[in-house]
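Chemist: What follows is start05.cif, mmCIF, C-alpha atoms and all ligand atoms.
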```cif
data_structure
loop_
_atom_site.group_PDB
_atom_site.id
_atom_site.type_symbol
_atom_site.label_atom_id
_atom_site.label_comp_id
_atom_site.auth_asym_id
_atom_site.auth_seq_id
_atom_site.Cartn_x
_atom_site.Cartn_y
_atom_site.Cartn_z
ATOM 1 C CA MET A 5 27.022 1.217 -85.254
ATOM 2 C CA THR A 6 27.011 2.787 -81.795
ATOM 3 C CA PRO A 7 25.471 0.261 -79.383
ATOM 4 C CA ARG A 8 22.468 1.117 -77.250
ATOM 5 C CA ALA A 9 21.587 -0.224 -73.855
ATOM 6 C CA VAL A 10 18.634 0.023 -71.515
ATOM 7 C CA VAL A 11 18.986 0.545 -67.763
ATOM 8 C CA LEU A 12 16.013 -0.807 -65.816
ATOM 9 C CA LEU A 13 15.036 0.707 -62.472
ATOM 10 C CA TYR A 14 13.400 -1.398 -59.779
ATOM 11 C CA HIS A 15 12.386 -0.520 -56.229
ATOM 12 C CA ARG A 16 10.811 -2.822 -53.629
ATOM 13 C CA LEU A 17 9.945 -6.394 -54.602
ATOM 14 C CA SER A 18 6.943 -7.354 -52.531
ATOM 15 C CA ASP A 19 3.290 -8.281 -52.848
ATOM 16 C CA ARG A 20 2.394 -5.041 -51.080
ATOM 17 C CA PRO A 21 4.049 -1.630 -50.522
ATOM 18 C CA LEU A 22 5.571 -0.827 -47.142
ATOM 19 C CA ASP A 23 3.636 2.445 -47.236
ATOM 20 C CA ALA A 24 1.358 4.206 -49.684
ATOM 21 C CA ASP A 25 4.103 6.497 -50.994
ATOM 22 C CA GLU A 26 5.797 3.541 -52.678
ATOM 23 C CA GLY A 27 2.741 3.261 -54.937
ATOM 24 C CA ASP A 28 2.968 1.196 -58.100
ATOM 25 C CA TYR A 29 6.781 1.024 -58.013
ATOM 26 C CA VAL A 30 6.468 -2.067 -55.820
ATOM 27 C CA LEU A 31 6.602 -5.245 -57.935
ATOM 28 C CA PRO A 32 5.454 -8.700 -56.809
ATOM 29 C CA PRO A 33 8.491 -11.011 -56.534
ATOM 30 C CA SER A 34 6.767 -13.461 -58.927
ATOM 31 C CA LEU A 35 6.561 -10.783 -61.651
ATOM 32 C CA PHE A 36 10.187 -9.789 -61.105
ATOM 33 C CA GLU A 37 11.243 -13.426 -61.376
ATOM 34 C CA GLU A 38 9.296 -13.814 -64.619
ATOM 35 C CA GLN A 39 11.000 -10.696 -66.003
ATOM 36 C CA VAL A 40 14.574 -11.660 -65.211
ATOM 37 C CA ARG A 41 14.056 -15.268 -66.250
ATOM 38 C CA SER A 42 12.783 -13.997 -69.624
ATOM 39 C CA LEU A 43 16.040 -12.045 -70.016
ATOM 40 C CA ALA A 44 18.078 -15.149 -69.279
ATOM 41 C CA ALA A 45 15.918 -17.319 -71.593
ATOM 42 C CA GLY A 46 15.993 -14.770 -74.427
ATOM 43 C CA ARG A 47 19.762 -14.476 -74.192
ATOM 44 C CA THR A 48 19.514 -10.719 -73.694
ATOM 45 C CA PRO A 49 22.985 -9.517 -72.635
ATOM 46 C CA VAL A 50 22.678 -8.312 -69.020
ATOM 47 C CA VAL A 51 25.693 -6.168 -68.206
ATOM 48 C CA SER A 52 27.191 -4.484 -65.157
ATOM 49 C CA LEU A 53 27.359 -0.723 -64.694
ATOM 50 C CA ALA A 54 31.147 -0.996 -65.092
ATOM 51 C CA CYS A 55 30.625 -2.289 -68.655
ATOM 52 C CA LEU A 56 28.262 0.614 -69.382
ATOM 53 C CA ALA A 57 30.731 3.145 -67.951
ATOM 54 C CA GLU A 58 33.435 1.886 -70.262
ATOM 55 C CA GLY A 59 31.137 1.550 -73.277
ATOM 56 C CA ARG A 60 31.897 -2.200 -73.360
ATOM 57 C CA TYR A 61 28.518 -3.662 -74.273
ATOM 58 C CA ARG A 62 26.643 -5.104 -77.217
ATOM 59 C CA ASP A 63 23.652 -3.381 -78.772
ATOM 60 C CA GLY A 64 20.447 -4.396 -76.959
ATOM 61 C CA SER A 65 22.186 -4.900 -73.599
ATOM 62 C CA VAL A 66 20.294 -4.381 -70.367
ATOM 63 C CA ALA A 67 21.512 -3.324 -66.912
ATOM 64 C CA LEU A 68 19.498 -3.912 -63.731
ATOM 65 C CA THR A 69 19.380 -1.288 -60.982
ATOM 66 C CA PHE A 70 17.480 -1.054 -57.680
ATOM 67 C CA ASP A 71 16.830 2.204 -55.816
ATOM 68 C CA ASP A 72 16.043 2.940 -52.161
ATOM 69 C CA GLY A 73 17.961 0.080 -50.482
ATOM 70 C CA CYS A 74 14.843 -1.976 -49.722
ATOM 71 C CA ASP A 75 15.168 -5.174 -47.665
ATOM 72 C CA SER A 76 14.022 -7.115 -50.753
ATOM 73 C CA ASP A 77 17.378 -6.254 -52.387
ATOM 74 C CA ALA A 78 19.001 -8.848 -50.134
ATOM 75 C CA ALA A 79 16.004 -11.119 -49.507
ATOM 76 C CA VAL A 80 14.617 -11.434 -53.059
ATOM 77 C CA ALA A 81 16.645 -9.807 -55.841
ATOM 78 C CA GLY A 82 20.176 -10.744 -54.753
ATOM 79 C CA PRO A 83 19.620 -14.511 -54.330
ATOM 80 C CA LEU A 84 17.646 -14.850 -57.584
ATOM 81 C CA LEU A 85 20.080 -12.792 -59.660
ATOM 82 C CA ALA A 86 23.060 -14.616 -58.173
ATOM 83 C CA ALA A 87 21.432 -17.953 -59.080
ATOM 84 C CA LEU A 88 20.895 -16.744 -62.647
ATOM 85 C CA GLY A 89 24.385 -15.245 -62.832
ATOM 86 C CA LEU A 90 23.070 -11.756 -63.626
ATOM 87 C CA PRO A 91 24.836 -8.558 -62.452
ATOM 88 C CA ALA A 92 22.952 -5.688 -60.807
ATOM 89 C CA ALA A 93 23.494 -2.463 -58.885
ATOM 90 C CA PHE A 94 21.789 -1.491 -55.622
ATOM 91 C CA PHE A 95 21.529 2.205 -54.723
ATOM 92 C CA VAL A 96 21.175 2.948 -51.032
ATOM 93 C CA ASN A 97 20.733 5.853 -48.602
ATOM 94 C CA PRO A 98 23.268 5.435 -45.783
ATOM 95 C CA ALA A 99 21.137 7.354 -43.257
ATOM 96 C CA LEU A 100 18.221 4.928 -43.803
ATOM 97 C CA ILE A 101 20.111 1.632 -43.839
ATOM 98 C CA GLY A 102 18.747 -0.836 -41.287
ATOM 99 C CA THR A 103 15.508 1.120 -40.713
ATOM 100 C CA GLU A 104 12.116 -0.545 -41.270
ATOM 101 C CA GLY A 105 11.856 -2.173 -44.685
ATOM 102 C CA ARG A 106 15.471 -1.389 -45.624
ATOM 103 C CA ALA A 107 18.471 -3.646 -46.026
ATOM 104 C CA GLY A 108 21.125 -3.523 -43.291
ATOM 105 C CA TRP A 109 24.879 -2.976 -43.623
ATOM 106 C CA ASP A 110 25.542 -6.728 -43.329
ATOM 107 C CA ASP A 111 23.068 -7.361 -46.176
ATOM 108 C CA LEU A 112 24.933 -4.846 -48.329
ATOM 109 C CA ARG A 113 28.308 -6.345 -47.432
ATOM 110 C CA SER A 114 27.120 -9.766 -48.537
ATOM 111 C CA LEU A 115 25.619 -8.367 -51.784
ATOM 112 C CA ALA A 116 28.935 -6.635 -52.498
ATOM 113 C CA ALA A 117 30.832 -9.838 -51.672
ATOM 114 C CA ARG A 118 28.689 -11.646 -54.267
ATOM 115 C CA GLY A 119 29.881 -9.163 -56.891
ATOM 116 C CA PHE A 120 26.915 -6.795 -56.962
ATOM 117 C CA THR A 121 27.527 -3.055 -57.225
ATOM 118 C CA ILE A 122 26.502 -0.883 -54.274
ATOM 119 C CA GLY A 123 25.964 2.752 -55.197
ATOM 120 C CA SER A 124 24.720 5.905 -53.473
ATOM 121 C CA HIS A 125 21.150 7.208 -53.696
ATOM 122 C CA GLY A 126 21.991 10.283 -51.600
ATOM 123 C CA LEU A 127 22.389 10.405 -47.839
ATOM 124 C CA ASP A 128 18.731 10.215 -46.817
ATOM 125 C CA HIS A 129 16.704 10.495 -50.042
ATOM 126 C CA THR A 130 16.367 14.299 -49.812
ATOM 127 C CA LEU A 131 15.452 15.603 -53.275
ATOM 128 C CA LEU A 132 18.491 17.476 -54.587
ATOM 129 C CA ASP A 133 16.933 20.458 -56.376
ATOM 130 C CA GLY A 134 17.564 23.812 -54.727
ATOM 131 C CA LEU A 135 19.851 22.566 -51.924
ATOM 132 C CA SER A 136 22.578 24.820 -50.527
ATOM 133 C CA PRO A 137 26.093 23.967 -51.786
ATOM 134 C CA SER A 138 27.072 22.433 -48.427
ATOM 135 C CA GLU A 139 23.916 20.323 -48.181
ATOM 136 C CA LEU A 140 24.290 19.147 -51.793
ATOM 137 C CA GLU A 141 27.897 18.175 -51.014
ATOM 138 C CA ARG A 142 26.736 16.233 -47.942
ATOM 139 C CA GLN A 143 24.089 14.363 -49.905
ATOM 140 C CA VAL A 144 26.250 13.572 -52.949
ATOM 141 C CA ALA A 145 29.857 13.312 -51.711
ATOM 142 C CA GLY A 146 29.101 12.640 -48.006
ATOM 143 C CA SER A 147 26.931 9.620 -48.834
ATOM 144 C CA LYS A 148 29.728 8.224 -51.028
ATOM 145 C CA ARG A 149 32.271 8.586 -48.218
ATOM 146 C CA GLU A 150 29.988 6.930 -45.667
ATOM 147 C CA ILE A 151 29.157 3.883 -47.833
ATOM 148 C CA GLU A 152 32.828 3.476 -48.736
ATOM 149 C CA GLU A 153 33.836 3.559 -45.056
ATOM 150 C CA ARG A 154 31.137 1.079 -44.003
ATOM 151 C CA LEU A 155 31.678 -1.376 -46.868
ATOM 152 C CA GLY A 156 35.416 -0.879 -47.355
ATOM 153 C CA ARG A 157 34.907 -0.624 -51.113
ATOM 154 C CA PRO A 158 34.915 2.242 -53.588
ATOM 155 C CA VAL A 159 31.515 3.660 -54.584
ATOM 156 C CA ASP A 160 31.494 5.024 -58.109
ATOM 157 C CA ALA A 161 27.828 5.260 -59.122
ATOM 158 C CA LEU A 162 25.141 7.672 -57.936
ATOM 159 C CA SER A 163 21.408 7.396 -58.541
ATOM 160 C CA LEU A 164 19.790 10.810 -58.156
ATOM 161 C CA PRO A 165 16.941 10.623 -55.582
ATOM 162 C CA GLY A 166 13.683 11.159 -57.450
ATOM 163 C CA GLY A 167 15.831 11.923 -60.521
ATOM 164 C CA THR A 168 16.451 15.402 -59.049
ATOM 165 C CA GLY A 169 19.487 17.672 -58.964
ATOM 166 C CA GLY A 170 20.034 18.170 -62.679
ATOM 167 C CA GLU A 171 23.296 19.390 -64.124
ATOM 168 C CA ARG A 172 24.428 20.922 -60.814
ATOM 169 C CA ALA A 173 24.289 17.582 -59.001
ATOM 170 C CA ARG A 174 25.804 15.774 -61.984
ATOM 171 C CA ARG A 175 28.825 18.083 -62.068
ATOM 172 C CA LEU A 176 29.376 17.790 -58.335
ATOM 173 C CA ALA A 177 29.013 13.994 -58.517
ATOM 174 C CA HIS A 178 31.623 13.649 -61.232
ATOM 175 C CA ALA A 179 33.940 16.038 -59.352
ATOM 176 C CA ALA A 180 33.467 13.887 -56.210
ATOM 177 C CA GLY A 181 34.703 10.817 -58.071
ATOM 178 C CA TYR A 182 31.549 9.096 -59.282
ATOM 179 C CA ARG A 183 31.985 7.510 -62.702
ATOM 180 C CA LEU A 184 28.260 7.148 -63.397
ATOM 181 C CA VAL A 185 25.246 9.288 -62.519
ATOM 182 C CA LEU A 186 21.845 7.732 -63.128
ATOM 183 C CA GLY A 187 18.557 9.602 -63.353
ATOM 184 C CA SER A 188 14.913 8.790 -64.011
ATOM 185 C CA ARG A 189 14.424 10.166 -67.541
ATOM 186 C CA PRO A 190 13.146 7.289 -69.694
ATOM 187 C CA GLY A 191 15.324 6.474 -72.668
ATOM 188 C CA ALA A 192 18.186 4.354 -73.952
ATOM 189 C CA LEU A 193 21.903 4.864 -73.407
ATOM 190 C CA ARG A 194 23.957 5.255 -76.564
ATOM 191 C CA GLY A 195 27.644 4.412 -76.558
ATOM 192 C CA LYS A 196 29.803 5.546 -73.651
ATOM 193 C CA PRO A 197 27.924 7.728 -71.137
ATOM 194 C CA GLY A 198 30.671 10.290 -70.439
ATOM 195 C CA ASP A 199 29.552 13.341 -68.463
ATOM 196 C CA THR A 200 25.830 12.742 -68.709
ATOM 197 C CA VAL A 201 22.981 11.531 -66.524
ATOM 198 C CA LEU A 202 22.042 8.028 -67.652
ATOM 199 C CA PRO A 203 18.401 7.508 -68.589
ATOM 200 C CA ARG A 204 16.467 4.616 -67.055
ATOM 201 C CA PHE A 205 13.106 2.914 -67.388
ATOM 202 C CA ALA A 206 11.311 2.521 -64.049
ATOM 203 C CA LEU A 207 9.336 -0.706 -63.808
ATOM 204 C CA ARG A 208 5.788 -0.418 -62.479
ATOM 205 C CA ARG A 209 3.496 -3.115 -61.197
ATOM 206 C CA GLY A 210 0.715 -2.362 -63.721
ATOM 207 C CA GLN A 211 3.011 -2.790 -66.718
ATOM 208 C CA GLU A 212 3.282 -6.525 -66.111
ATOM 209 C CA LEU A 213 5.482 -8.435 -68.531
ATOM 210 C CA ASP A 214 4.434 -6.477 -71.649
ATOM 211 C CA GLY A 215 5.776 -3.157 -70.347
ATOM 212 C CA PHE A 216 8.978 -4.857 -69.349
ATOM 213 C CA ARG A 217 9.426 -6.381 -72.812
ATOM 214 C CA ALA A 218 8.627 -3.011 -74.445
ATOM 215 C CA ALA A 219 11.291 -1.306 -72.316
ATOM 216 C CA VAL A 220 13.916 -3.945 -73.059
ATOM 217 C CA ALA A 221 13.144 -3.766 -76.795
ATOM 218 C CA ARG A 222 13.007 0.079 -76.667
ATOM 219 C CA GLU A 223 9.647 0.002 -78.485
ATOM 220 C CA ARG A 224 9.045 3.441 -79.909
ATOM 221 C CA LEU A 225 5.487 3.960 -78.669
ATOM 222 C CA PHE A 226 6.390 2.757 -75.197
ATOM 223 C CA VAL A 227 9.413 5.065 -75.043
ATOM 224 C CA LEU A 228 7.361 8.065 -76.169
ATOM 225 C CA ARG A 229 4.630 7.367 -73.629
ATOM 226 C CA GLN A 230 7.155 7.051 -70.843
ATOM 227 C CA GLN A 231 8.879 10.270 -71.907
ATOM 228 C CA ALA A 232 5.549 12.121 -72.042
ATOM 229 C CA ARG A 233 4.696 10.921 -68.570
ATOM 230 C CA TYR A 234 8.101 12.040 -67.331
ATOM 231 C CA ALA A 235 7.731 15.491 -68.948
ATOM 232 C CA LEU A 236 4.420 15.889 -67.154
ATOM 233 C CA THR A 237 6.167 15.016 -63.922
ATOM 234 C CA LEU A 238 8.826 17.650 -64.542
ATOM 235 C CA ALA A 239 6.220 20.266 -65.417
ATOM 236 C CA GLY A 240 4.357 19.493 -62.238
ATOM 237 C CA ARG A 241 7.561 19.766 -60.252
ATOM 238 C CA GLY A 242 8.487 23.082 -61.867
ATOM 239 C CA LEU A 243 5.106 24.533 -61.084
ATOM 240 C CA LEU A 244 4.777 23.153 -57.602
ATOM 241 C CA GLY A 245 8.356 22.943 -56.298
ATOM 242 C CA THR A 246 9.930 19.677 -55.251
ATOM 243 C CA THR A 247 8.574 19.513 -51.705
ATOM 244 C CA ARG A 248 4.992 20.065 -52.749
ATOM 245 C CA TYR A 249 5.550 17.782 -55.719
ATOM 246 C CA ALA A 250 6.719 14.986 -53.410
ATOM 247 C CA ARG A 251 3.596 15.464 -51.292
ATOM 248 C CA LEU A 252 1.359 15.454 -54.370
ATOM 249 C CA ARG A 253 3.031 12.324 -55.677
ATOM 250 C CA GLY A 254 2.341 10.632 -52.371
ATOM 251 C CA ARG A 255 -1.313 11.676 -52.580
ATOM 252 C CA LEU A 256 -1.563 10.436 -56.173
ATOM 253 C CA ALA A 257 0.007 7.120 -55.225
ATOM 254 C CA ARG A 258 -2.471 6.724 -52.387
ATOM 255 C CA ALA A 259 -5.380 7.613 -54.724
ATOM 256 C CA GLU A 260 -4.176 5.125 -57.323
ATOM 257 C CA ARG A 261 -3.991 2.427 -54.687
ATOM 258 C CA ARG A 262 -7.599 3.041 -53.702
ATOM 259 C CA CYS A 263 -8.813 2.621 -57.318
HETATM 260 ZN ZN ZN A 301 14.485 6.662 -54.587
#
```
How does the structure come out when it is put into C-alpha cells?
Modeler:
Amino acid sequence: MTPRAVVLLYHRLSDRPLDADEGDYVLPPSLFEEQVRSLAAGRTPVVSLACLAEGRYRDGSVALTFDDGCDSDAAVAGPLLAALGLPAAFFVNPALIGTEGRAGWDDLRSLAARGFTIGSHGLDHTLLDGLSPSELERQVAGSKREIEERLGRPVDALSLPGGTGGERARRLAHAAGYRLVLGSRPGALRGKPGDTVLPRFALRRGQELDGFRAAVARERLFVLRQQARYALTLAGRGLLGTTRYARLRGRLARAERRC
C-alpha cells in the first residue's frame, strides 16, 4: 500500500496576533504544546521533510512546518520540539528576518544547528501570482541563495507565500534546485512527492485539539470541509486578483477578531 502522510502548517505561536492580518492562524503556545505532546504520546510517526522527499515514511506519518519566520519559531516551537525529539521545518522570508515579531539570523542558525530544516517562504512574502519572470526568479531562487549564504547550508524546500504561484512557480522552484515545494491546499501526501506541490493542513486557533486530531487522522469530513474552504479562497482570489484578495483577507481577519 502506498503510504500517506499529513503536513501540518503552523504560523505564530502566541496568545495574541502581532497584527490583525495574522487572524486565527496564531495559536496559543499551550494549545500547540498539547497538540505536539499528543503526537508524541500517541506514537504518531513525526518525520522530517527529507523523509517525505525520499518517500521514506510510514503510513499515517506527520510532518510539522512553520511559515513566516515568526520569533516564536525560536522562542517557543524550537525548544519544545527539540525536547520532544521531533523534527520540523521553518520557512522564512530573508528580507523580513530580524524585523518586529520575526526570528533573527542567529535564531535561525541555532535552529539549523539543532537539526531543524530552514526553508524559503519567498524573499519578502510577495504573493507569486502574476509576477514578471525576473521578479519571480528573485522571490524563488534569490531567496534560496540569500538564506544559503547567511546560514552556510543548502536550502532545498520552498513554501509558496499564501500558497500562490501555481505550476509556474513550482517549475521554477524545481529548476532552481528545490527538492520540495509546499502549498496551502488541504490534503494528504501519497507516496513520493515528485514534481508536485505538497498539500498541507493549516492549523487555526478555533479548531482546538479536535481539528488537529481530525487533520492528523485525515478524517474525511474534515478534509472535505477544508478543501471546500480552500476552493472558496481560490474563487475569491480569481475574481478579485491577489492584491485585492490579500486586502480582503486582512479585513475578514479583522472582522473575525471583533466577533
Ligand atoms: Zn506566509
Chemist: Select, from A:Gly191, A:Gly105, A:Gly126, A:Gly242, the residue with the minimum atom-to-atom distance to ligand ZN 301 (chain A), counting all atoms listed in the file.
Modeler: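 With all atoms listed in the file as the atom set, the closest residue is A:Gly126.
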Chemist: Write as an mmCIF file with C-alpha atoms, in the coordinates of the input the residues around ligand ZN 301 (chain A), taking 7 Å as the cut-off and counting all atoms listed in the file.
Modeler:
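Below is the file that was written, pocket_4.cif:
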```cif
data_model
loop_
_atom_site.group_PDB
_atom_site.id
_atom_site.type_symbol
_atom_site.label_atom_id
_atom_site.label_comp_id
_atom_site.auth_asym_id
_atom_site.auth_seq_id
_atom_site.Cartn_x
_atom_site.Cartn_y
_atom_site.Cartn_z
ATOM 1 C CA ASP A 71 16.830 2.204 -55.816
ATOM 2 C CA ASP A 72 16.043 2.940 -52.161
ATOM 3 C CA HIS A 125 21.150 7.208 -53.696
ATOM 4 C CA HIS A 129 16.704 10.495 -50.042
ATOM 5 C CA PRO A 165 16.941 10.623 -55.582
ATOM 6 C CA GLY A 166 13.683 11.159 -57.450
#
```
Chemist: Excluding same-chain residues fewer than 3 positions from Ala206 (chain A), what lies within 9 Å of it counting all atoms listed in the file, as a ChimeraX atom specification?
Modeler: /A:11-15,29,188-190
Chemist: Which residue, A:Phe226, A:Leu115, A:Ala232, A:Gly134, has the smallest gap to Asp214 (chain A) when you use all atoms listed in the file?
Modeler: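 Closest to Asp214 (chain A) of all the choices is A:Phe226.
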Chemist: Could you tell me, as a ChimeraX atom specification, which residues have any atom at most 12 Å from (19.3, 16.6, -51.3), counting only C-alpha atoms?
Modeler: /A:97,125-147,163-170,172-173,246-247
Chemist: Between CA of Pro197 (chain A) and CA of Cys55 (chain A), what is the distance in Å, rounded to a tenth?
Modeler: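 Straight-line distance from CA of Pro197 (chain A) to CA of Cys55 (chain A) works out to 10.7 Å.
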Chemist: Quick one: pull the distance between CA of Gln39 (chain A) and CA of Ala107 (chain A), Å, one decimal.
Modeler: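 These atoms are spaced 22.5 Å apart.
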